[in-house]
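Down below is the structure, laid out as structure tokens.
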Number of protein chains: 4
Amino acid sequence: MIKIGLIGYGYWGPNLARNFSRQPGCQLTAICEANPGRARQAALDHPGCWIGDDSATMLAATGVDAVVIATPVGCHYHLAKQALMAGRHVLVEKPITETAAEALELVELAERRNLVLAVDHTFLFTGAVRKIKELVDSKALGDFLYVDSVRINLGLFQPDVNVLYDLAPHDLSIVGHLLGEAPKWARAMGACHAGVSQENIVYLHLEYPGGLPAHFHLSWLAPVKIRKTLIAGSERMIVYDDLDQGEKVKVYDKGITVNPDTQSLHNIKVDYRTGDMFAPKLSQREALSLETEHFLRCLRGEEAPLCSGRDGLGVVRILEAAQRSLKAGGSRVEVERD
Amino acid sequence: MIKIGLIGYGYWGPNLARNFSRQPGCQLTAICEANPGRARQAALDHPGCWIGDDSATMLAATGVDAVVIATPVGCHYHLAKQALMAGRHVLVEKPITETAAEALELVELAERRNLVLAVDHTFLFTGAVRKIKELVDSKALGDFLYVDSVRINLGLFQPDVNVLYDLAPHDLSIVGHLLGEAPKWARAMGACHAGVSQENIVYLHLEYPGGLPAHFHLSWLAPVKIRKTLIAGSERMIVYDDLDQGEKVKVYDKGITVNPDTQSLHNIKVDYRTGDMFAPKLSQREALSLETEHFLRCLRGEEAPLCSGRDGLGVVRILEAAQRSLKAGGSRVEVERD
Amino acid sequence: MIKIGLIGYGYWGPNLARNFSRQPGCQLTAICEANPGRARQAALDHPGCWIGDDSATMLAATGVDAVVIATPVGCHYHLAKQALMAGRHVLVEKPITETAAEALELVELAERRNLVLAVDHTFLFTGAVRKIKELVDSKALGDFLYVDSVRINLGLFQPDVNVLYDLAPHDLSIVGHLLGEAPKWARAMGACHAGVSQENIVYLHLEYPGGLPAHFHLSWLAPVKIRKTLIAGSERMIVYDDLDQGEKVKVYDKGITVNPDTQSLHNIKVDYRTGDMFAPKLSQREALSLETEHFLRCLRGEEAPLCSGRDGLGVVRILEAAQRSLKAGGSRVEVERD
Amino acid sequence: MIKIGLIGYGYWGPNLARNFSRQPGCQLTAICEANPGRARQAALDHPGCWIGDDSATMLAATGVDAVVIATPVGCHYHLAKQALMAGRHVLVEKPITETAAEALELVELAERRNLVLAVDHTFLFTGAVRKIKELVDSKALGDFLYVDSVRINLGLFQPDVNVLYDLAPHDLSIVGHLLGEAPKWARAMGACHAGVSQENIVYLHLEYPGGLPAHFHLSWLAPVKIRKTLIAGSERMIVYDDLDQGEKVKVYDKGITVNPDTQSLHNIKVDYRTGDMFAPKLSQREALSLETEHFLRCLRGEEAPLCSGRDGLGVVRILEAAQRSLKAGGSRVEVERD
């Protein structure tokens, strides 16, 4: 029986608690929450759980095998380090830490101690992203041509984070997961409004190895909600519309054909091929249920984390490069690599 | 009776011919077309018209008052200059010329000779853009916050022009028309595919005076067709979806409210206001019919061109800056000003 | 402090319990549930509540002022009658009873005893229906021309009820609420599939006073989910699309204009007027929260039930007529009236 | 070289003329049009054609092999009979005649004389309907479960025809083509508005052999335009949305599964199977081009008419039954059979 200790019972913590409490072979043993009202709610929802407000006490008193961290990002580094130092496995909310230096330290600490360090980028466990990954891995798309993503709505301005840090982690983790590599450089341009110094609109442009471009439009200031990603390959192209209740993933049998007859200078050398579209059936299983099950299998050594600490580090490195570009008005900034 | 001479009877010329031939107070007198097959079609469609293959002969022989130029862009400068030098008014296809220097020369020539020089940016005469312009002029949007435009499809690769020059003129003329001023600088990033050296995907970022950002996504390589522009103001926001048959223009009563209580550092200072949406009824009249009628009124001195040579020059200046940025990999390039 | 006793803690009961437990001036005092597992869940969710499995005991033991009935429809009549006989107010799930005769008995019983009898047709409390009702009441639509409703999806076949009884109560309560009167007659045609004797597709046609038609397409056997109602008036027409996340209610300024020049036999006498469309902002408040608050005000005599027992009776009378028509293959059946 | 004579150069005639004039192996020899203005237009558009205003003269003078009739429906019977009596093949606009008796007479006349009699139900030649027919013929849908069609918009009231006769022929020809048989009976309910005696809303319900239901919602009085047909089979279900520019035909891998375990009375015996959706690529070729080519092949004896006079008769028989039901307020009317 694997014992789980959860730190943070705010917005997302209850979902993690509910899912871990339902997994067989695992026990939600302890919940650590500083806010008294939230702690009372945790006690109501999970009778029998150890409830406290100090993570060190929890580690010492409850014998948990793994710590799940669902606090604001500012506490991630400290709490994850504390847990790893105490020999506990860790699942931490995204983004893994505020800085790449902190993330790297955690990654290396976990590796030295042979502990699991996973990051909760939940989107990777949705039926849509899993199906897209399956198509990518089967080479159904051919060579990647570009990725274009729009994630906009009329969202809440947040006091201490800009729209880049709020929304981009979703897309960056998905794209990194699909492409399997890190971008070379980033450019980001943004705009602030209403006297607020945090950007509420950001355009982020990345270049991956081989010249592959990926572009992200992120906004809290759009009159309509759009969550649409185009993933184009030489053989097929995908439209992933997260708001489409019927068909979230559409696969277009469209691609480029190069015309061999290129003798004439003004001949059009390139043509298009268009065929059927299909929208595969997607699993309806709750992403977080799958993710918690997967984390438990990682703890048992049966699987490697789909989104490891190192993957989380990759996301933070892109955010850092993008943020530097943003502050420099859009200049090109290299993404740090190992 | 105003006499019109048309040069070029290829893809767009027949539409111009049809519309001018139906306007009262005007006569389509001559059509000049070098391709024999197209010239025969012109003669069939417009019996009684002078048909020839040389513009100088047409100017000398037919006494036309105005010349309408619908040839490939490479001929615009030469033909427009010839007509203006011969004292004829000119309506020229977009973009006005290949270079800003040529456009400036034409503009100054027309001004010296007191001739009308107009550019056929047809979109300005659509019911949708006219309604948006009306809303902008009535201050219904408040202060501009940003413009974001997506114009993508699976379009034909063209042998001698990139997607920037092919698609951006539409959006640049619309945005220039709405904002009434020129951008300060441009950044453009793009991608080529299939061994073609012309970009088939371009992201263009402009900054207008006051820090107003405008962003354009242009592509010939998208699996789906999208033509959607967001025009956000502090009071209202517009979504202009040119492919929506029912409601092309939607006006959202949404905006930013600044919270006066800013004592606490971590208080959210900015809030949203959301209200009704309305989709105004749009005129269904053919844009080109309205535009040809308007051009005739300009010739009679009753109106000034909605899209003058100078407006066309502005579009070419942005294209030049964008193209330079594109070739430099996205660096910031100032847009030339008077 | 009003004391509420809930009977039935299955699918819908927990929602009613949650909402009543959060209303000020009211206490969820007792929950009656025969299934032991569900009763345990009720005890967990509502500590301090009386929990039992017999409604007579609950009435005798707990002093509740009102009984909320969320059991299968087969028990409604018996439980509501028991509560009313014991002098308690009643809120009962839709449909109020299985037969109109039973419903009438309850209505008359409640009237004689001066007790509140309300039916939980929750849709009437949604932001969308409330806004439509407001528009109707303000005469914005002009004279009603027709109602057309489609409510289809790939839904679960149910063992003991057909699609008419499953889905039509939603639409019938909404239309009755908007029109404020009962239909004169019904025709219904349906189809059964897969050897099941319960209809999974039904077309229901009603005629209201003045010849006003209302038509309903109900199906469990459609490949796509549609929930769209057209409500047409002589001045404006509404499209209510319950699945549209952005704009559920669209009001079209479209109508009929009668051409006075009717001398010529073949002249078209009727023309259309089309204008703007607007989509009013809708309240996002949970319908059931509003409904429970309203029920409490009814108990205090401050309001009359928006959906009274008599309204619930009206729905059942239409269902009975429709069912008779269905069994007769679509013949016209009068709807019973007082 | 097959010689074609066209009667009627109003709304649709020019399209037929243009298409026949472009087909190889065929010559548009004569156009007959009573309206002088339209006759002049015909002469301009088709120089070299015999132009006249009398069909008998045309038949006698021009030696045409086939007559294409594009006049108002009131003239179809007389003109087709005249042409067939003169030994000419006939292609006639839909609906073939005003009455089934007339249609039957033409069919029998053509059969006796061994002449081709085809009806121009153009929809059958669209890429969408051809693809659906292909899927049906390949048994991809399994057994038919139902057809449901909605064809509504804010259309022009017509002075001498109701919405049934205006819009239903499209759907009836499509459904007849797909099912390959005639319905047994019809019920139709409708509504008139604005003092006009012609129905502007009609609901038509047909039953085909085997109890298969088909339902049609036809309206000139809807605030939005919808053209959507559901064709459900036991194996797959099709949504054909004629207004969807991207994917007009969607094929859903959804169907019914009968649960063999039916011992328990309350067990749900029927379950659903859901899988991928696919949207096949459709031919973009103009339907009328294909249809005229096909008609010429019929004249050469290479093919049998896809939509014969007998098919056209079938459509008129349904319209007659529906109209009788409409006038009787929705009673069941048998559809006439051979």
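Residue numbers start at 1 in each chain; chains themselves are named A, B, ... in the order of the structure tokens; ligands are numbered from 1 in the order shown.
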Residue neighbourhood Leu206 (chain A), 8 Å, only C-alpha atoms, exclusion window fewer than 6 positions, as JSON, numbers by chain: {"A": [183, 184, 185, 186, 187, 213, 214, 215]}
If DSSP is run on the backbone, what residues of region 163-278 of chain D are helix (DSSP H, G or I)? A reply as a VMD selection string would be ideal. chain D and resid 163 to 179 209 to 211
Compile the contact shell of Asp54 (chain D) as number ranges by chain: residues with an atom at most 10 Å away, counting only C-alpha atoms, same-chain residues fewer than 2 positions apart removed. D: 7, 31-34, 51-52, 56-59
Per-residue nearest contacts of chain B to chain D (9 Å; only C-alpha atoms) as a tab-separated table:
```
residue	atom	partner	partner_atom	distance
B:Leu44	CA	D:Asp45	CA	8.7
B:Asp45	CA	D:Asp45	CA	8.5
B:Val224	CA	D:Gly246	CA	7.6
B:Lys225	CA	D:Gly246	CA	8.3
B:Gly246	CA	D:Val224	CA	7.6
```
Give me the residues near Gly176 (chain A) as a count of residues only, where near means some atom within 9 Å (using only C-alpha atoms) and where sequence neighbours in that chain fewer than 4 positions away do not count. 9
As a ChimeraX atom specification, which residues of region 251-327 of chain A does DSSP assign to strand (DSSP E or B)? /A:251-258,270-279,308
By how many Å are CA of Leu145 (chain A) and CA of Gly329 (chain A) apart?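 One can read the CA of Leu145 (chain A) to CA of Gly329 (chain A) distance as 26.9 Å.
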Using Å and a single decimal, report how far CA of Leu141 (chain C) sits from CA of Arg310 (chain C).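 Spanning CA of Arg310 (chain C) to CA of Leu141 (chain C) is a straight-line distance of 26.3 Å.
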Just want the 7 Å neighbourhood of Val64 (chain D), counted on only C-alpha atoms, with same-chain residues fewer than 6 positions away dropped. Output as a ChimeraX atom specification. /D:3-5,29
For Asp148 (chain C), which of C:Ala17, C:Met189, C:Val333, C:Ala232 is the closest residue, counting only C-alpha atoms?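 Among C:Ala17, C:Met189, C:Val333, C:Ala232, it is C:Ala232 that comes nearest to Asp148 (chain C).
Relative to CA of Val73 (chain C), CA of Thr99 (chain C) is found at 10.2 Å.
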Residue contacts of Tyr240 (chain B) (6 Å, only C-alpha atoms) excluding same-chain residues fewer than 3 positions away, as a list in words: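 With the cut-off at 6 Å, the set is Lys228, Thr229, Lys248 and Val249 of chain B.
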Please save all heavy atoms of the selected residues as a PDB file, in the first residue's frame.
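The result, written out as result-v5.pdb:
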```
ATOM      1  N   LYS B 228     -10.389  35.515 -39.655  1.00  0.00           N
ATOM      2  CA  LYS B 228     -11.000  36.075 -38.453  1.00  0.00           C
ATOM      3  C   LYS B 228     -10.124  37.176 -37.894  1.00  0.00           C
ATOM      4  O   LYS B 228      -8.934  36.989 -37.704  1.00  0.00           O
ATOM      5  CB  LYS B 228     -11.155  34.947 -37.419  1.00  0.00           C
ATOM      6  CG  LYS B 228     -12.081  35.277 -36.293  1.00  0.00           C
ATOM      7  CD  LYS B 228     -12.239  34.123 -35.331  1.00  0.00           C
ATOM      8  CE  LYS B 228     -13.194  33.067 -35.821  1.00  0.00           C
ATOM      9  NZ  LYS B 228     -13.550  32.080 -34.779  1.00  0.00           N
ATOM     10  N   THR B 229     -10.726  38.311 -37.643  1.00  0.00           N
ATOM     11  CA  THR B 229     -10.006  39.462 -37.117  1.00  0.00           C
ATOM     12  C   THR B 229     -10.656  39.912 -35.815  1.00  0.00           C
ATOM     13  O   THR B 229     -11.878  40.085 -35.758  1.00  0.00           O
ATOM     14  CB  THR B 229     -10.035  40.621 -38.136  1.00  0.00           C
ATOM     15  OG1 THR B 229      -9.518  40.146 -39.380  1.00  0.00           O
ATOM     16  CG2 THR B 229      -9.196  41.789 -37.654  1.00  0.00           C
ATOM     17  N   LYS B 248     -21.219  38.010 -39.864  1.00  0.00           N
ATOM     18  CA  LYS B 248     -19.800  38.269 -40.120  1.00  0.00           C
ATOM     19  C   LYS B 248     -19.190  39.175 -39.055  1.00  0.00           C
ATOM     20  O   LYS B 248     -18.012  39.057 -38.744  1.00  0.00           O
ATOM     21  CB  LYS B 248     -19.626  38.960 -41.477  1.00  0.00           C
ATOM     22  CG  LYS B 248     -19.554  38.029 -42.664  1.00  0.00           C
ATOM     23  CD  LYS B 248     -19.064  38.796 -43.893  1.00  0.00           C
ATOM     24  CE  LYS B 248     -19.533  38.131 -45.181  1.00  0.00           C
ATOM     25  NZ  LYS B 248     -19.190  36.719 -45.295  1.00  0.00           N
ATOM     26  N   VAL B 249     -19.969  40.097 -38.542  1.00  0.00           N
ATOM     27  CA  VAL B 249     -19.451  41.070 -37.573  1.00  0.00           C
ATOM     28  C   VAL B 249     -20.215  40.924 -36.269  1.00  0.00           C
ATOM     29  O   VAL B 249     -21.442  41.057 -36.241  1.00  0.00           O
ATOM     30  CB  VAL B 249     -19.595  42.513 -38.105  1.00  0.00           C
ATOM     31  CG1 VAL B 249     -19.151  43.517 -37.049  1.00  0.00           C
ATOM     32  CG2 VAL B 249     -18.788  42.698 -39.388  1.00  0.00           C
TER      33      VAL B 249
END
```
If we count only C-alpha atoms, what is near Ile69 (chain A) at a cut-off of 10 Å, once residues fewer than 5 positions away on the same chain are taken out, given as a short mmCIF file (atom, residue, chain, number, x, y, z; two decimals) with C-alpha atoms, in the first residue's frame?
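Wrote it out as part09.cif, contents follow:
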```
data_model
loop_
_atom_site.label_atom_id
_atom_site.label_comp_id
_atom_site.auth_asym_id
_atom_site.auth_seq_id
_atom_site.Cartn_x
_atom_site.Cartn_y
_atom_site.Cartn_z
CA GLY A 5 0.77 12.96 1.43
CA LEU A 6 -0.76 15.99 -0.24
CA ILE A 7 0.43 19.55 0.39
CA GLY A 8 -2.09 22.22 -0.58
CA TYR A 9 -5.87 21.89 -0.52
CA GLY A 13 -5.60 19.90 -4.41
CA LEU A 16 -5.72 15.29 -6.66
CA CYS A 32 -1.07 19.52 4.77
CA CYS A 75 6.59 27.16 -2.66
CA HIS A 76 7.29 24.34 -5.12
CA TYR A 77 11.08 24.42 -4.95
CA LEU A 79 8.67 21.79 -0.60
CA ALA A 80 9.91 19.47 -3.32
CA ALA A 83 10.49 15.93 0.36
CA VAL A 90 7.36 13.85 -5.60
CA LEU A 91 4.55 14.85 -7.93
CA VAL A 92 4.48 18.64 -8.26
CA GLU A 93 2.03 21.03 -9.89
CA LYS A 94 3.10 22.84 -13.06
CA ILE A 96 7.76 22.74 -11.56
CA VAL A 119 5.28 17.22 -12.90
CA ASP A 120 1.52 17.49 -13.14
#
```
